[in-house]
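Shown next: run13.cif, given as mmCIF, C-alpha atoms and all ligand atoms.
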data_my_file
loop_
_atom_site.label_atom_id
_atom_site.label_comp_id
_atom_site.auth_asym_id
_atom_site.auth_seq_id
_atom_site.Cartn_x
_atom_site.Cartn_y
_atom_site.Cartn_z
CA MET A 28 -7.30 -17.32 -19.15
CA PRO A 29 -3.67 -16.08 -19.56
CA LYS A 30 -2.51 -15.96 -23.17
CA ILE A 31 0.41 -18.20 -23.98
CA ASN A 32 3.44 -17.04 -25.98
CA LEU A 33 3.15 -13.55 -24.56
CA GLY A 34 5.21 -11.82 -21.92
CA THR A 35 3.60 -11.65 -18.50
CA LEU A 36 3.81 -8.95 -15.89
CA TYR A 37 3.09 -10.43 -12.46
CA VAL A 38 1.99 -7.87 -9.86
CA VAL A 39 3.17 -9.60 -6.71
CA SER A 40 2.14 -8.70 -3.16
CA THR A 41 4.89 -9.05 -0.55
CA PRO A 42 4.86 -8.95 3.29
CA ILE A 43 4.05 -5.73 5.18
CA GLY A 44 6.47 -6.62 7.98
CA ASN A 45 6.61 -10.32 8.74
CA LEU A 46 8.59 -12.03 5.99
CA GLN A 47 6.60 -15.21 6.47
CA ASP A 48 3.51 -13.52 5.03
CA ILE A 49 4.17 -14.48 1.44
CA THR A 50 2.32 -16.99 -0.66
CA LYS A 51 3.82 -20.12 -2.20
CA ARG A 52 2.75 -18.82 -5.60
CA ALA A 53 4.54 -15.52 -5.04
CA LEU A 54 7.76 -17.31 -4.07
CA ASP A 55 7.55 -19.63 -7.10
CA CYS A 56 6.95 -16.63 -9.33
CA LEU A 57 9.84 -14.58 -7.89
CA LYS A 58 12.14 -17.61 -8.40
CA THR A 59 11.23 -18.21 -12.01
CA VAL A 60 10.73 -14.79 -13.63
CA ASP A 61 13.36 -13.27 -15.90
CA TYR A 62 13.75 -10.38 -13.47
CA ILE A 63 12.04 -8.55 -10.62
CA LEU A 64 11.16 -4.86 -10.75
CA CYS A 65 11.37 -3.55 -7.19
CA GLU A 66 11.13 -0.23 -5.42
CA ASP A 67 14.29 -0.56 -3.33
CA THR A 68 16.71 -3.37 -4.17
CA ARG A 69 18.04 -3.48 -0.57
CA ILE A 70 14.58 -4.15 0.85
CA THR A 71 13.58 -6.79 -1.73
CA ASN A 72 17.00 -8.41 -1.32
CA ARG A 73 16.12 -9.24 2.32
CA LEU A 74 13.11 -11.20 1.10
CA LEU A 75 15.10 -12.95 -1.62
CA LEU A 76 17.88 -13.87 0.82
CA LYS A 77 15.39 -15.39 3.27
CA TYR A 78 13.93 -17.61 0.57
CA ASN A 79 17.16 -18.27 -1.31
CA ILE A 80 15.91 -16.64 -4.50
CA GLN A 81 18.55 -15.53 -6.97
CA SER A 82 16.53 -13.64 -9.56
CA LYS A 83 17.90 -10.39 -10.88
CA LEU A 84 16.54 -7.19 -9.34
CA ILE A 85 15.94 -3.99 -11.30
CA SER A 86 14.90 -0.84 -9.49
CA TYR A 87 11.53 0.59 -10.41
CA ASN A 88 10.36 3.53 -8.36
CA GLU A 89 8.62 6.88 -8.59
CA LYS A 90 11.81 8.57 -9.76
CA ASN A 91 12.73 6.26 -12.62
CA GLU A 92 9.42 4.70 -13.67
CA HIS A 93 8.99 7.00 -16.68
CA ASN A 94 12.31 5.84 -18.10
CA ARG A 95 11.84 2.19 -17.18
CA ILE A 96 8.50 1.70 -18.89
CA SER A 97 9.84 1.46 -22.45
CA LYS A 98 12.46 -1.15 -21.44
CA VAL A 99 9.83 -3.22 -19.65
CA ILE A 100 7.54 -3.04 -22.68
CA ASP A 101 10.40 -4.14 -24.98
CA ASP A 102 11.12 -7.06 -22.67
CA LEU A 103 7.46 -8.10 -22.54
CA ASN A 104 7.46 -7.95 -26.35
CA ASN A 105 10.36 -10.40 -26.23
CA ASN A 106 8.21 -12.75 -24.12
CA PHE A 107 9.97 -12.03 -20.84
CA ASN A 108 8.16 -12.83 -17.63
CA ILE A 109 8.60 -10.00 -15.14
CA ALA A 110 7.54 -9.62 -11.51
CA LEU A 111 6.69 -6.23 -10.04
CA VAL A 112 6.98 -5.82 -6.27
CA SER A 113 7.04 -2.82 -3.94
CA ASP A 114 8.78 -2.46 -0.58
CA ALA A 115 5.74 -3.86 1.21
CA GLY A 116 2.22 -4.97 0.43
CA THR A 117 0.51 -4.72 -2.93
CA PRO A 118 2.22 -2.79 -5.76
CA CYS A 119 0.20 0.09 -7.28
CA ILE A 120 -1.72 0.67 -4.02
CA SER A 121 -0.10 3.95 -2.89
CA ASP A 122 3.03 2.43 -4.40
CA PRO A 123 4.78 2.46 -7.81
CA GLY A 124 3.41 0.34 -10.62
CA TYR A 125 0.21 2.07 -11.62
CA ARG A 126 1.80 3.97 -14.53
CA LEU A 127 3.21 0.78 -16.01
CA VAL A 128 -0.05 -1.17 -15.77
CA SER A 129 -2.01 1.83 -17.02
CA HIS A 130 0.36 2.23 -19.99
CA ILE A 131 -0.22 -1.41 -20.98
CA LYS A 132 -4.00 -1.08 -20.71
CA LYS A 133 -4.33 2.33 -22.39
CA ASN A 134 -2.27 1.19 -25.34
CA ASN A 135 -4.15 -2.10 -25.65
CA LEU A 136 -0.89 -4.01 -25.39
CA ASP A 137 -1.63 -7.67 -25.45
CA PHE A 138 0.53 -8.85 -22.53
CA ASN A 139 -0.77 -10.72 -19.54
CA VAL A 140 -0.94 -8.59 -16.41
CA LEU A 141 -1.66 -10.98 -13.56
CA PRO A 142 -2.09 -10.31 -9.84
CA LEU A 143 -0.46 -12.56 -7.26
CA PRO A 144 -2.60 -11.52 -4.29
CA GLY A 145 -1.32 -11.17 -0.77
CA PRO A 146 -0.89 -8.62 2.00
CA SER A 147 -2.05 -5.04 1.85
CA ALA A 148 -1.93 -2.79 4.91
CA ALA A 149 -5.34 -1.26 4.13
CA LEU A 150 -7.32 -4.51 4.13
CA SER A 151 -5.30 -6.01 6.99
CA ALA A 152 -6.22 -3.05 9.20
CA LEU A 153 -9.86 -2.98 8.10
CA SER A 154 -10.22 -6.68 8.83
CA VAL A 155 -9.38 -6.22 12.53
CA SER A 156 -10.86 -2.74 13.02
CA GLY A 157 -14.32 -3.77 14.17
CA LEU A 158 -15.64 -0.86 12.07
CA PRO A 159 -18.13 -1.53 9.27
CA SER A 160 -16.31 -3.33 6.46
CA ASP A 161 -19.23 -3.92 4.10
CA SER A 162 -18.36 -0.71 2.29
CA PHE A 163 -15.17 1.35 2.48
CA TYR A 164 -13.39 4.25 0.81
CA PHE A 165 -9.63 4.08 0.38
CA VAL A 166 -7.89 7.46 0.54
CA GLY A 167 -4.26 6.39 0.84
CA PHE A 168 -2.09 9.30 2.03
CA LEU A 169 -3.78 12.66 2.60
CA PRO A 170 -2.16 15.52 0.68
CA LYS A 171 0.47 17.12 2.90
CA LYS A 172 -0.43 20.75 2.13
CA LYS A 173 -2.31 21.76 -1.01
CA GLY A 174 -5.70 20.11 -1.19
CA ARG A 175 -5.51 18.64 2.31
CA GLN A 176 -8.47 20.49 3.76
CA LYS A 177 -10.52 19.89 0.60
CA LYS A 178 -9.81 16.15 0.79
CA ILE A 179 -10.81 15.94 4.45
CA ASN A 180 -14.02 17.82 3.64
CA GLN A 181 -14.75 15.29 0.88
CA ILE A 182 -14.17 12.47 3.35
CA LYS A 183 -16.75 14.05 5.64
CA GLU A 184 -19.51 13.26 3.15
CA ILE A 185 -18.57 9.63 2.57
CA ASP A 186 -21.07 7.12 3.83
CA SER A 187 -18.56 4.28 4.39
CA SER A 188 -15.56 3.47 6.53
CA ILE A 189 -12.53 5.46 5.36
CA ILE A 190 -8.99 4.10 5.13
CA LEU A 191 -5.94 6.36 5.41
CA TYR A 192 -2.24 5.62 5.32
CA GLU A 193 -0.03 7.81 7.48
CA ALA A 194 3.62 8.30 8.23
CA PRO A 195 4.61 8.23 11.92
CA TYR A 196 5.85 11.81 12.10
CA ARG A 197 2.51 13.11 10.77
CA ILE A 198 0.05 11.06 12.82
CA ASN A 199 -0.31 13.79 15.45
CA LYS A 200 -1.11 16.50 12.88
CA THR A 201 -3.46 14.22 10.97
CA LEU A 202 -5.46 13.30 14.08
CA SER A 203 -5.88 16.94 15.02
CA ASP A 204 -6.89 17.90 11.45
CA LEU A 205 -9.40 15.05 11.36
CA TYR A 206 -10.84 16.19 14.68
CA SER A 207 -11.07 19.81 13.48
CA TYR A 208 -12.87 19.02 10.22
CA LEU A 209 -14.81 15.82 10.99
CA GLY A 210 -15.54 16.30 14.69
CA ASP A 211 -15.31 13.30 16.98
CA ARG A 212 -15.79 9.93 15.32
CA LYS A 213 -14.98 6.31 16.07
CA ILE A 214 -11.61 5.34 14.67
CA PHE A 215 -9.23 2.43 14.66
CA ILE A 216 -5.48 2.79 14.29
CA ALA A 217 -3.14 -0.10 13.45
CA ARG A 218 0.54 0.49 14.07
CA GLU A 219 3.33 -1.79 12.84
CA MET A 220 1.04 -4.66 11.81
CA THR A 221 2.68 -8.10 11.72
CA LYS A 222 5.84 -6.69 13.35
CA MET A 223 7.29 -7.03 16.84
CA TYR A 224 5.79 -3.81 18.23
CA GLU A 225 2.37 -4.14 16.65
CA GLN A 226 -0.29 -2.05 18.41
CA HIS A 227 -3.98 -1.45 17.80
CA PHE A 228 -6.02 1.48 19.12
CA TYR A 229 -9.83 1.63 19.08
CA GLY A 230 -11.73 4.66 20.29
CA THR A 231 -12.66 8.13 19.14
CA ILE A 232 -10.44 10.69 17.44
CA LYS A 233 -10.52 12.80 20.61
CA SER A 234 -9.56 9.84 22.81
CA MET A 235 -6.59 9.09 20.51
CA ILE A 236 -5.42 12.69 20.78
CA ASP A 237 -5.79 12.55 24.57
CA GLN A 238 -3.83 9.29 24.74
CA ASN A 239 -0.96 10.89 22.82
CA ILE A 240 -0.58 7.76 20.73
CA HIS A 241 1.67 9.68 18.43
CA ILE A 242 4.41 10.00 21.02
CA ASN A 243 6.11 6.99 19.52
CA PRO A 244 7.78 8.55 16.51
CA LYS A 245 8.46 5.21 14.86
CA GLY A 246 6.31 2.83 12.95
CA GLU A 247 3.79 2.77 10.17
CA TYR A 248 0.14 3.54 10.65
CA VAL A 249 -3.20 2.81 9.05
CA ILE A 250 -6.19 4.84 10.25
CA ILE A 251 -9.76 3.65 9.74
CA ILE A 252 -12.46 6.27 10.34
CA ALA A 253 -16.10 5.31 10.83
CA LYS A 254 -18.74 7.11 8.82
CA GLU A 255 -20.58 10.00 10.44
CA GLY A 256 -23.19 8.83 12.88
CA TYR A 257 -21.50 5.52 13.71
CA LEU A 258 -20.73 6.83 17.22
CA VAL A 259 -24.34 6.51 18.21
CA GLU A 260 -24.99 3.13 16.60
N1 LIG A 301 1.19 -0.90 -1.18
C1 LIG A 301 1.24 -0.98 0.26
C2 LIG A 301 0.10 -1.88 0.71
O1 LIG A 301 -0.56 -2.50 -0.11
O2 LIG A 301 -0.09 -1.99 1.92
C3 LIG A 301 1.20 0.37 0.93
C4 LIG A 301 2.39 1.21 0.60
S1 LIG A 301 2.38 2.80 1.29
C5 LIG A 301 3.79 3.51 0.53
C6 LIG A 301 3.05 2.53 2.89
C7 LIG A 301 2.03 2.84 3.99
O3 LIG A 301 1.25 1.67 4.25
C8 LIG A 301 2.68 3.19 5.33
O4 LIG A 301 3.03 4.55 5.41
C9 LIG A 301 1.57 2.83 6.29
O5 LIG A 301 0.58 3.85 6.30
C10 LIG A 301 0.99 1.58 5.63
N2 LIG A 301 1.66 0.36 6.14
C11 LIG A 301 2.51 -0.44 5.47
N3 LIG A 301 2.91 -1.46 6.26
C12 LIG A 301 2.28 -1.29 7.44
C13 LIG A 301 2.28 -2.01 8.67
N4 LIG A 301 3.02 -3.11 8.84
N5 LIG A 301 1.50 -1.55 9.68
C14 LIG A 301 0.76 -0.43 9.55
N6 LIG A 301 0.73 0.29 8.41
C15 LIG A 301 1.48 -0.13 7.38
#
Translate the structure of the given file into structure tokens.
Ligand code: SAM
Amino acid sequence: MPKINLGTLYVVSTPIGNLQDITKRALDCLKTVDYILCEDTRITNRLLLKYNIQSKLISYNEKNEHNRISKVIDDLNNNFNIALVSDAGTPCISDPGYRLVSHIKKNNLDFNVLPLPGPSAALSALSVSGLPSDSFYFVGFLPKKKGRQKKINQIKEIDSSIILYEAPYRINKTLSDLYSYLGDRKIFIAREMTKMYEQHFYGTIKSMIDQNIHINPKGEYVIIIAKEGYLVE
């Protein structure tokens, strides 16, 4: 039960491409809060313009989050209601916000921190992957250099479907690294979900490499990898 007379931080999920994918609650919240913390004001402005929302935007991203936290805490102390959004999907999930929420929890600050659930690329992709969804392991982005091989070796041992985020210009390298360290496995790749050029690929890592799916250098990708042994199921 939210506590009254205390500032509230709303962690608000926003669309991952199609601006219609936003809940009524999220829109009401974004309209009525004292201000919105957002990763990139230009991107969140597009959403606000579409829904005629005039709330003030304050940038909150990886670069400035250390400095912003004390202001946000002061404002919550003054009973402000604040929404936190990222460029797309659910804040804190491979996106800024975790440090703020963690600061509130670690310091036992008595504000409400409430989720306004909605889209997340990871669960959207898993839901249409056809790969086992009863148990999954979310990796987010693989390390680019240091620790990359170690992480992929850890993934090898995981007895669940594995979810990776990937940038378009790295999909080729990631598929070949996965093939080198994991061998061939069933995978599903979702590109540009909810957008005009949405594409889904289902097959094995080797078949994806052979299809050259990476030749399109644009778009955003989620990769779901089946656990070892799923090929023969
Ligand atoms: N917090 C976000 C969420 O909950 O989905 C994820 C943010 S992370 C910085 C961005 C990554 O999510 C992209 O690089 C891509 O891997 C994935 N992603 C976001 N939108 C996507 C979409 N429409 N289609 C496919 N992948 C997407």
Which protein, DNA or RNA residues have an atom within 10 Å of ligand LIG 301 (chain A), counting only C-alpha atoms and all ligand atoms, as an NGL selection string?
:A and (40-45 or 112-124 or 145-152 or 167-168 or 190-195 or 198 or 216-227 or 246-250)
Kindly indicate which residue among A:Thr201, A:Ser234, A:Asn135, A:Asn88 lies nearest to Thr68 (chain A), using all atoms listed in the file for the distances.
A:Asn88
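Nearest to Arg52 (chain A) of all the residues A:Gly157, A:Pro144, A:Gly34, A:Pro170 is A:Pro144, counting only C-alpha atoms.
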How far is it from CA of Glu66 (chain A) to CA of Ser86 (chain A), in Å with one decimal?
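Computing the Euclidean distance for CA of Glu66 (chain A) and CA of Ser86 (chain A) yields 5.6 Å.
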Between CA of Leu169 (chain A) and CA of Ile232 (chain A), measure the distance and give it in Å to one decimal.
16.4 Å
Provide region 180-258 of chain A of the preceding structure as a file containing C-alpha atoms, as a short mmCIF file (atom, residue, chain, number, x, y, z; two decimals), in the first residue's frame.
data_model
loop_
_atom_site.label_atom_id
_atom_site.label_comp_id
_atom_site.auth_asym_id
_atom_site.auth_seq_id
_atom_site.Cartn_x
_atom_site.Cartn_y
_atom_site.Cartn_z
CA ASN A 180 31.43 -19.34 -20.92
CA GLN A 181 29.16 -18.66 -17.93
CA ILE A 182 26.16 -18.62 -20.26
CA LYS A 183 27.18 -22.03 -21.53
CA GLU A 184 26.38 -23.58 -18.16
CA ILE A 185 22.96 -21.99 -17.73
CA ASP A 186 20.06 -24.39 -17.81
CA SER A 187 17.47 -21.88 -19.07
CA SER A 188 16.76 -19.75 -22.11
CA ILE A 189 19.19 -16.82 -22.27
CA ILE A 190 18.25 -13.28 -23.28
CA LEU A 191 20.79 -10.88 -24.81
CA TYR A 192 20.47 -7.33 -26.04
CA GLU A 193 22.63 -6.38 -29.00
CA ALA A 194 23.43 -3.34 -31.08
CA PRO A 195 23.05 -3.74 -34.86
CA TYR A 196 26.70 -3.16 -35.71
CA ARG A 197 27.78 -5.95 -33.32
CA ILE A 198 25.25 -8.66 -34.19
CA ASN A 199 27.62 -10.33 -36.67
CA LYS A 200 30.49 -10.54 -34.17
CA THR A 201 28.19 -11.70 -31.38
CA LEU A 202 26.72 -14.52 -33.47
CA SER A 203 30.17 -15.76 -34.43
CA ASP A 204 31.41 -15.56 -30.80
CA LEU A 205 28.33 -17.44 -29.61
CA TYR A 206 28.92 -20.12 -32.23
CA SER A 207 32.61 -20.42 -31.26
CA TYR A 208 31.99 -20.80 -27.53
CA LEU A 209 28.54 -22.41 -27.32
CA GLY A 210 28.52 -24.47 -30.51
CA ASP A 211 25.33 -24.65 -32.53
CA ARG A 212 22.13 -24.02 -30.60
CA LYS A 213 18.56 -23.03 -31.36
CA ILE A 214 18.12 -19.28 -31.24
CA PHE A 215 15.51 -16.67 -31.92
CA ILE A 216 16.31 -13.13 -32.98
CA ALA A 217 13.81 -10.26 -32.88
CA ARG A 218 14.72 -7.15 -34.84
CA GLU A 219 12.91 -3.82 -34.58
CA MET A 220 9.94 -5.16 -32.60
CA THR A 221 6.74 -3.12 -32.90
CA LYS A 222 8.29 -0.99 -35.67
CA MET A 223 7.72 -0.85 -39.42
CA TYR A 224 10.58 -3.19 -40.37
CA GLU A 225 10.05 -5.74 -37.62
CA GLN A 226 11.64 -9.11 -38.40
CA HIS A 227 11.89 -12.39 -36.52
CA PHE A 228 14.42 -15.16 -37.18
CA TYR A 229 14.16 -18.69 -35.74
CA GLY A 230 16.81 -21.30 -36.36
CA THR A 231 20.26 -22.24 -35.17
CA ILE A 232 23.22 -19.95 -34.59
CA LYS A 233 24.95 -21.45 -37.63
CA SER A 234 21.88 -20.93 -39.83
CA MET A 235 21.72 -17.26 -38.74
CA ILE A 236 25.37 -16.79 -39.65
CA ASP A 237 24.77 -18.47 -43.03
CA GLN A 238 21.74 -16.26 -43.69
CA ASN A 239 23.85 -13.15 -43.08
CA ILE A 240 21.03 -11.61 -41.08
CA HIS A 241 23.44 -8.98 -39.90
CA ILE A 242 23.76 -7.42 -43.33
CA ASN A 243 21.14 -4.89 -42.38
CA PRO A 244 23.20 -2.49 -40.30
CA LYS A 245 20.15 -0.80 -38.81
CA GLY A 246 17.78 -1.76 -36.08
CA GLU A 247 17.77 -3.09 -32.58
CA TYR A 248 18.08 -6.75 -31.73
CA VAL A 249 17.17 -9.15 -28.96
CA ILE A 250 18.71 -12.62 -29.11
CA ILE A 251 17.21 -15.58 -27.24
CA ILE A 252 19.43 -18.65 -26.97
CA ALA A 253 18.03 -22.05 -26.02
CA LYS A 254 19.75 -24.03 -23.30
CA GLU A 255 22.22 -26.71 -24.31
CA GLY A 256 20.51 -29.83 -25.53
CA TYR A 257 17.34 -28.09 -26.71
CA LEU A 258 18.32 -28.82 -30.33
#
